[in-house]
Amino acid sequence: EDILKGKMELPEELKKLESTSSTANNEQEDIEKTRKSLPIYPHRERLMKMIADNQVLVIVGETGSGKTTQLTQYLYEDGYTKNNLKIACTQPRRVAAMSVAARVAQEMGVTLGDKVGYSIRFEDCTSPQTIIKYMTDGMMLREFLGEPDLSSYSVIIVDEAHERSLHTDILFGLVKDIAIARPDVKLLISSATIQAEKFSEYFDGAPIINIPGRRYPVDILYTKAPEADYLEASVITVLQVHFTQPQGDILVFLTGQEEIETACDMLRDRVKGFGQKAKELIVTPIYATLPTEMQAEIFKKTPPGARKVVLATNIAETSLTIDGIVYVIDCGFVKQNSYNPRSGMESLLVTPISRASADQRAGRAGRVSPGKCFRLYTSWSYKNELLSAPVPEIQRVNLGNVVLQLKTLGINDLIHFDFMDPPPVETLIAALEQLYALGALNDGGDLTVMGRKMAAFPLDPQMSKMLIASEGYGCSEEVASLCAMLNVNGSVFHRPKERAVHADNARKNFFRPGGDHLMLLAVYKECEENGFDKSWCMQSYVQVKSMKRARDVRNQLIKLMENEGVELKTNNDPALIRKAITAGYFFHAASLQKSGNYRTFHKPQTVYVHPSSSTYQTQARWVIYHELVFTNKEFMRQIIEIEPAWLIDIAPHLYRNTDIEKLTHKMPKNKGRATMA
Ligand code: ADP
Ligand code: MG
């Protein structure tokens, strides 16, 4: 059975794991026992005393020690929610907010959404009774818009502080002010064992409490040579562990949904090949857009004799703890945002992780027993190539949204905002420029009426502008549907590998002259006409889940539009819809080149039509794209054809007739690649 590459050196066998399965029948009793077994439990009294004695406290503890699930309950038990005051706990990831809220509701024996709830973008699972509220850090920022002093909260827990997500970094600055304005509020900064000193310093020397975790030794194994294909290498390593190593579940870190699904298929296929000889291998994925009911799978106890392998994005690095993991396989990469203010290009790139991340990942193997971590990179690379800590998100993303929100909160001097690590000045300036061009700020840099309206929508500034402007074009109903479709994570189309040709043909039925946005709209309309019917979706190779989510998002947007006085008007004229898109996305205009490729107008660079686009063969002279994604090239995704005259009309401050004429491709239409059609 030589399935093994033999690159990995495996030290001697591990001791048999003690069975951790419980005999208690009563679920609540079981839960009590589990709660008391968490590393944070013995520190409960000391912790609560420190919270009582200090307004701001930095809480540091090993991942899985119980910070996220227990802190809120301890505070509740100690009366911090009397008079209906709320406890907020922020999470950088939406899946973590949902999953942890569900767990806490279960531990407290209450219905999720009642006493314990969560709030993530486009999904509010709370009620007036909610006193423990988990939410994404982005939603917490929005709380400030409605309640600048957060007076309905008694405690604010900024959790996963070490992740240094953009919104968490902004929250630091805002809650620091709240603490001064409201001596009665408690502020808890909770973090894995990284950077604690830095948090304490930032919060004027706030005390640090350490929750020592249980941590067993983890053997670290490296590959001897760099892996050419980490996906294949990780699959092989899983099988290697499954067939040669003692009991214990496996956690594999990969970079994204597609990779994870591919690896899941590969594993299921290959294990099948071993037939009866193989022990059962339960393969479960976890990533941000995985449907909720499937997320629960990763927490299910592995039946005796079987082994579970969880394939995860770095969501499992610190935000979610899966019990029973003994083996970790780390591909060494993460998908990360990067933004170049000079080109205006935002992309999601597969990037090497930092040493701090690598250590966190390895640590996941040592929670229940001694473990092993297989790093699919060399020890030389670990020592010499990886950064010591990840770059905070605020230094590598577009800040348009955040700047608009801060302006709405009356924070005008952004250069002097109390950033823990300041963003590049160029990025701030690019954001201000864009907001000015969109009409959200005036000459003096102050928020306009338009800007205030834009900030009311949980959308990025360009999309907010498109939605608000669509009223003037008489097609706000249609554009609301479009916004909803563009906000559905992942693809709305279903493309099973074995039926790829059928799926592609079904998709072509939705193609509309003018481009991808009109195609998305056509999908939404037809699906709506068919009552979001499952069998219609199946026949059309459309994901019913995504469509229902689009409907929910749309309903929320409609409510917000009513609040903001944006009138609902319907008009199916594709030209009007495309003009409304132009009104928000005029920064994203590109013109056709002789080469058949495109060149962006603002901050010029060559870009390409994504092969999945309905406009792939149309060679429109001017287009607007929704986003640029970089894979092997800069691809435009979601493209519509426009008339250049619209640009001059809509954004005369950016586009002049002479420039447009110079750039407009003279080749008659329907030459070149179009002949292939
Ligand atoms: P920390 O925040 O310190 O990393 P957590 O409070 O997230 O720790 O985790 C404490 C324990 O709760 C872990 O053993 C974890 O497995 C368990 N847990 C968390 N969420 C769930 C869930 N949705 N289902 C089952 N167990 C969970
Ligand atoms: Mg946590």
# chains A, B, ... in the order shown; residues from 1 in each chain; ligands from 1
$ residues_near_ligand --ligand "ligand 1" --cutoff "7 Å" --atoms "only C-alpha atoms and all ligand atoms" --output "list of chain:residue names"
A:Leu38, A:Gly61, A:Glu62, A:Thr63, A:Gly64, A:Ser65, A:Gly66, A:Lys67, A:Thr68, A:Thr69, A:Gln70, A:Ser99, A:Val100, A:Ala102, A:Arg103, A:Ala296, A:Phe299, A:Thr318, A:Ser319, A:Leu320, A:Thr321, A:Ile322, A:Asp323
$ residues_around --residues "Tyr222 of chain A" --least-positions-apart "5" --cutoff "6 Å" --atoms "only C-alpha atoms" --output "number ranges by chain"
A: 375, 377-379
$ residues_around --residues "Cys89 of chain A" --least-positions-apart "6" --cutoff "8 Å" --atoms "only C-alpha atoms" --output "list in words"
Thr68, Thr72, Ile132, Lys133, Tyr134, Met135, Ile156, Ile157, Val158 and Asp159 of chain A
$ select_by_dssp --residues "segment 437-614 of chain A" --states "strand (DSSP E)" --output "mmCIF file with N, CA and C atoms, in the first residue's frame"
data_model
loop_
_atom_site.group_PDB
_atom_site.id
_atom_site.type_symbol
_atom_site.label_atom_id
_atom_site.label_comp_id
_atom_site.auth_asym_id
_atom_site.auth_seq_id
_atom_site.Cartn_x
_atom_site.Cartn_y
_atom_site.Cartn_z
ATOM 1 N N ALA A 589 -14.717 52.005 -14.916
ATOM 2 C CA ALA A 589 -14.913 51.961 -16.365
ATOM 3 C C ALA A 589 -13.634 51.496 -17.046
ATOM 4 N N ALA A 590 -13.802 50.743 -18.126
ATOM 5 C CA ALA A 590 -12.636 50.300 -18.899
ATOM 6 C C ALA A 590 -12.991 50.313 -20.373
ATOM 7 N N SER A 591 -11.984 50.594 -21.214
ATOM 8 C CA SER A 591 -12.255 50.650 -22.647
ATOM 9 C C SER A 591 -11.461 49.578 -23.378
ATOM 10 N N LEU A 592 -12.039 49.130 -24.469
ATOM 11 C CA LEU A 592 -11.453 48.060 -25.275
ATOM 12 C C LEU A 592 -10.160 48.537 -25.939
ATOM 13 N N TYR A 598 -8.814 44.994 -22.138
ATOM 14 C CA TYR A 598 -9.349 46.286 -21.721
ATOM 15 C C TYR A 598 -8.327 47.069 -20.922
ATOM 16 N N ARG A 599 -8.547 48.384 -20.886
ATOM 17 C CA ARG A 599 -7.700 49.235 -20.068
ATOM 18 C C ARG A 599 -8.616 50.084 -19.190
ATOM 19 N N THR A 600 -8.319 50.087 -17.884
ATOM 20 C CA THR A 600 -9.154 50.886 -16.990
ATOM 21 C C THR A 600 -8.859 52.353 -17.222
ATOM 22 N N THR A 606 -4.026 47.286 -17.583
ATOM 23 C CA THR A 606 -4.678 46.325 -18.466
ATOM 24 C C THR A 606 -5.455 45.308 -17.642
ATOM 25 N N VAL A 607 -6.685 45.040 -18.059
ATOM 26 C CA VAL A 607 -7.517 44.062 -17.365
ATOM 27 C C VAL A 607 -8.194 43.154 -18.398
ATOM 28 N N TYR A 608 -8.694 42.034 -17.935
ATOM 29 C CA TYR A 608 -9.223 41.020 -18.845
ATOM 30 C C TYR A 608 -10.651 40.642 -18.480
ATOM 31 N N VAL A 609 -11.398 40.202 -19.491
ATOM 32 C CA VAL A 609 -12.765 39.739 -19.241
ATOM 33 C C VAL A 609 -12.695 38.338 -18.642
#
$ atom_distance --atom1 "atom CA of Arg549 of chain A" --atom2 "atom CA of Phe457 of chain A"
17.3 Å
$ residues_around --residues "Gln539 of chain A" --least-positions-apart "2" --cutoff "10 Å" --atoms "only C-alpha atoms" --output "number ranges by chain"
A: 502-503, 506, 534-537, 541-542
$ write_last_selection --atoms "N, CA and C atoms" --output "tab-separated table (two decimals), in the first residue's frame"
chain	number	residue	atom	x	y	z
A	502	HIS	N	-24.43	20.75	-19.03
A	502	HIS	CA	-25.84	21.12	-18.84
A	502	HIS	C	-25.95	22.42	-18.06
A	503	ALA	N	-25.13	22.52	-17.01
A	503	ALA	CA	-25.18	23.70	-16.15
A	503	ALA	C	-24.81	24.95	-16.95
A	506	ALA	N	-27.63	25.88	-19.22
A	506	ALA	CA	-28.73	26.48	-18.46
A	506	ALA	C	-28.41	27.93	-18.13
A	534	LYS	N	-38.08	25.18	-5.49
A	534	LYS	CA	-36.87	24.37	-5.48
A	534	LYS	C	-36.67	23.65	-6.82
A	535	SER	N	-37.74	23.09	-7.36
A	535	SER	CA	-37.53	22.31	-8.59
A	535	SER	C	-37.21	23.22	-9.77
A	536	TRP	N	-37.79	24.44	-9.75
A	536	TRP	CA	-37.40	25.39	-10.80
A	536	TRP	C	-35.90	25.67	-10.70
A	537	CYS	N	-35.43	25.89	-9.48
A	537	CYS	CA	-34.01	26.18	-9.28
A	537	CYS	C	-33.14	25.01	-9.76
A	541	TYR	N	-30.36	25.09	-12.75
A	541	TYR	CA	-29.00	25.06	-12.22
A	541	TYR	C	-28.70	26.33	-11.43
A	542	VAL	N	-29.67	26.70	-10.61
A	542	VAL	CA	-29.52	27.87	-9.76
A	542	VAL	C	-29.61	27.36	-8.32
$ closest_residue --among "A:Val155, A:Leu57, A:Gln276, A:Lys308" --to "Glu201 of chain A" --atoms "only C-alpha atoms"
A:Leu57
$ residues_around --residues "Ser127 of chain A" --least-positions-apart "2" --cutoff "12 Å" --atoms "only C-alpha atoms" --output "JSON, numbers by chain"
{"A": [86, 111, 112, 113, 114, 115, 116, 117, 118, 119, 124, 125, 129, 130, 131, 132, 133]}
$ write_last_selection --atoms "N, CA and C atoms" --output "short mmCIF file (atom, residue, chain, number, x, y, z; two decimals), in the first residue's frame"
data_model
loop_
_atom_site.label_atom_id
_atom_site.label_comp_id
_atom_site.auth_asym_id
_atom_site.auth_seq_id
_atom_site.Cartn_x
_atom_site.Cartn_y
_atom_site.Cartn_z
N LYS A 86 -27.43 45.18 28.01
CA LYS A 86 -26.95 44.12 27.14
C LYS A 86 -25.43 43.93 27.25
N THR A 111 -33.86 29.61 23.56
CA THR A 111 -33.98 29.62 22.10
C THR A 111 -33.06 30.69 21.53
N LEU A 112 -32.36 30.35 20.48
CA LEU A 112 -31.47 31.31 19.83
C LEU A 112 -32.31 32.46 19.26
N GLY A 113 -31.89 33.67 19.56
CA GLY A 113 -32.64 34.83 19.07
C GLY A 113 -33.49 35.44 20.17
N ASP A 114 -33.62 34.69 21.28
CA ASP A 114 -34.39 35.23 22.40
C ASP A 114 -33.44 35.96 23.35
N LYS A 115 -33.07 35.32 24.46
CA LYS A 115 -32.14 35.96 25.38
C LYS A 115 -30.75 36.10 24.77
N VAL A 116 -30.39 35.10 24.02
CA VAL A 116 -29.08 35.09 23.36
C VAL A 116 -29.31 35.18 21.85
N GLY A 117 -28.64 36.11 21.22
CA GLY A 117 -28.85 36.26 19.78
C GLY A 117 -27.58 36.69 19.08
N TYR A 118 -27.70 36.84 17.79
CA TYR A 118 -26.56 37.33 17.03
C TYR A 118 -27.02 38.29 15.95
N SER A 119 -26.12 39.12 15.51
CA SER A 119 -26.43 40.05 14.45
C SER A 119 -25.25 40.10 13.49
N ASP A 124 -30.45 39.58 11.25
CA ASP A 124 -30.56 40.00 12.64
C ASP A 124 -31.34 38.95 13.39
N CYS A 125 -30.64 38.16 14.19
CA CYS A 125 -31.31 37.12 14.96
C CYS A 125 -31.32 37.55 16.43
N GLN A 129 -35.76 41.01 23.84
CA GLN A 129 -35.33 40.30 25.06
C GLN A 129 -33.84 39.99 25.05
N THR A 130 -33.18 40.19 23.93
CA THR A 130 -31.78 39.76 23.82
C THR A 130 -30.88 40.56 24.76
N ILE A 131 -30.17 39.84 25.62
CA ILE A 131 -29.24 40.52 26.52
C ILE A 131 -27.80 40.09 26.28
N ILE A 132 -27.63 38.94 25.64
CA ILE A 132 -26.28 38.56 25.22
C ILE A 132 -26.28 38.58 23.70
N LYS A 133 -25.53 39.51 23.15
CA LYS A 133 -25.60 39.71 21.71
C LYS A 133 -24.22 39.53 21.09
#
$ residues_around --residues "segment 649-658 of chain A" --least-positions-apart "3" --cutoff "9 Å" --atoms "only C-alpha atoms" --output "list in words"
Ala437, Leu438, Lys579, Thr582, Ala583, Phe586, Phe587, Phe601, His602, Pro644, Ala645, Trp646, Glu661, Lys662 and Leu663 of chain A
$ write_last_selection --atoms "C-alpha atoms" --output "PDB file, in the first residue's frame"
ATOM      1  CA  ALA A 437     -16.352  61.783  -6.375  1.00  0.00           C
ATOM      2  CA  LEU A 438     -19.449  59.870  -5.284  1.00  0.00           C
ATOM      3  CA  LYS A 579     -27.074  54.061 -16.142  1.00  0.00           C
ATOM      4  CA  THR A 582     -22.725  53.662 -13.911  1.00  0.00           C
ATOM      5  CA  ALA A 583     -23.815  56.233 -11.336  1.00  0.00           C
ATOM      6  CA  PHE A 586     -18.043  55.031 -12.767  1.00  0.00           C
ATOM      7  CA  PHE A 587     -14.612  54.486 -11.218  1.00  0.00           C
ATOM      8  CA  PHE A 601      -9.689  54.622 -17.267  1.00  0.00           C
ATOM      9  CA  HIS A 602      -9.083  55.716 -13.712  1.00  0.00           C
ATOM     10  CA  PRO A 644     -19.135  56.432 -22.831  1.00  0.00           C
ATOM     11  CA  ALA A 645     -21.434  59.454 -23.036  1.00  0.00           C
ATOM     12  CA  TRP A 646     -23.013  58.307 -19.764  1.00  0.00           C
ATOM     13  CA  GLU A 661     -12.809  60.033 -27.756  1.00  0.00           C
ATOM     14  CA  LYS A 662      -9.111  59.344 -27.649  1.00  0.00           C
ATOM     15  CA  LEU A 663      -9.684  56.067 -25.850  1.00  0.00           C
TER      16      LEU A 663
END
$ select_by_dssp --residues "segment 323-492 of chain A" --states "alpha helix (DSSP H)" --output "compact mmCIF listing (two decimals) with C-alpha atoms, in the first residue's frame"
# COMPACT_ATOMS: atom_id res chain seq x y z
CA ARG A 355 4.85 32.48 12.05
CA ALA A 356 2.28 33.55 14.65
CA SER A 357 -0.46 31.94 12.56
CA ALA A 358 1.60 28.83 11.97
CA ASP A 359 2.05 28.47 15.73
CA GLN A 360 -1.67 28.98 16.39
CA ARG A 361 -2.51 26.34 13.80
CA ALA A 362 -0.07 23.88 15.33
CA GLY A 363 -1.51 24.60 18.78
CA SER A 379 11.56 24.56 8.32
CA TRP A 380 13.86 26.92 6.45
CA SER A 381 10.84 28.65 5.01
CA TYR A 382 9.23 28.87 8.45
CA LYS A 383 12.31 30.49 9.90
CA ASN A 384 13.32 32.73 7.03
CA GLY A 400 -13.96 53.78 1.68
CA ASN A 401 -16.61 52.20 3.83
CA VAL A 402 -14.94 52.81 7.15
CA VAL A 403 -14.08 56.41 6.33
CA LEU A 404 -17.71 57.06 5.43
CA GLN A 405 -18.86 55.58 8.72
CA LEU A 406 -16.36 57.55 10.77
CA LYS A 407 -17.42 60.74 9.01
CA THR A 408 -21.01 59.88 9.88
CA VAL A 425 -1.96 57.87 4.30
CA GLU A 426 -2.31 57.12 0.59
CA THR A 427 -5.12 54.69 1.35
CA LEU A 428 -6.95 57.29 3.44
CA ILE A 429 -6.58 59.86 0.69
CA ALA A 430 -7.81 57.42 -1.97
CA ALA A 431 -10.87 56.74 0.17
CA LEU A 432 -11.59 60.43 0.65
CA GLU A 433 -11.18 61.05 -3.08
CA GLN A 434 -13.61 58.33 -3.94
CA LEU A 435 -16.20 59.52 -1.42
CA TYR A 436 -15.85 63.02 -2.82
CA ALA A 437 -16.35 61.78 -6.38
CA VAL A 449 -26.88 64.66 2.70
CA MET A 450 -26.08 62.04 0.07
CA GLY A 451 -23.19 60.78 2.19
CA ARG A 452 -25.41 60.37 5.22
CA LYS A 453 -27.94 58.44 3.16
CA MET A 454 -25.20 56.23 1.73
CA ALA A 455 -23.92 55.39 5.19
CA PRO A 461 -20.08 53.26 -0.92
CA GLN A 462 -20.28 52.56 -4.64
CA MET A 463 -23.15 50.16 -4.23
CA SER A 464 -24.99 52.49 -1.87
CA LYS A 465 -24.64 55.24 -4.43
CA MET A 466 -25.91 53.00 -7.23
CA LEU A 467 -28.96 52.04 -5.17
CA ILE A 468 -29.80 55.60 -4.16
CA ALA A 469 -29.21 56.93 -7.68
CA SER A 476 -34.91 51.23 -7.84
CA GLU A 477 -36.89 47.97 -7.57
CA GLU A 478 -34.63 46.35 -10.13
CA VAL A 479 -31.42 47.77 -8.70
CA ALA A 480 -32.41 46.56 -5.21
CA SER A 481 -32.68 43.04 -6.65
CA LEU A 482 -29.34 43.50 -8.32
CA CYS A 483 -27.67 44.63 -5.08
CA ALA A 484 -29.09 41.59 -3.36
CA MET A 485 -27.76 39.27 -6.06
CA LEU A 486 -24.32 40.89 -5.92
$ closest_residue --among "A:Ala580, A:Ala225, A:Ala192, A:Val56" --to "ligand 2" --atoms "only C-alpha atoms and all ligand atoms"
A:Ala192
$ closest_residue --among "A:Gly531, A:Pro513, A:Pro390, A:Pro92" --to "ligand 2" --atoms "only C-alpha atoms and all ligand atoms"
A:Pro92
$ residues_around --residues "segment 145-150 of chain A" --least-positions-apart "3" --cutoff "7 Å" --atoms "only C-alpha atoms" --output "ChimeraX atom specification"
/A:142,153,178,409
$ atom_distance --atom1 "atom CA of Gln617 of chain A" --atom2 "atom CA of Val544 of chain A"
28.7 Å
$ atom_distance --atom1 "atom CA of His517 of chain A" --atom2 "atom CA of Arg94 of chain A"
26.4 Å
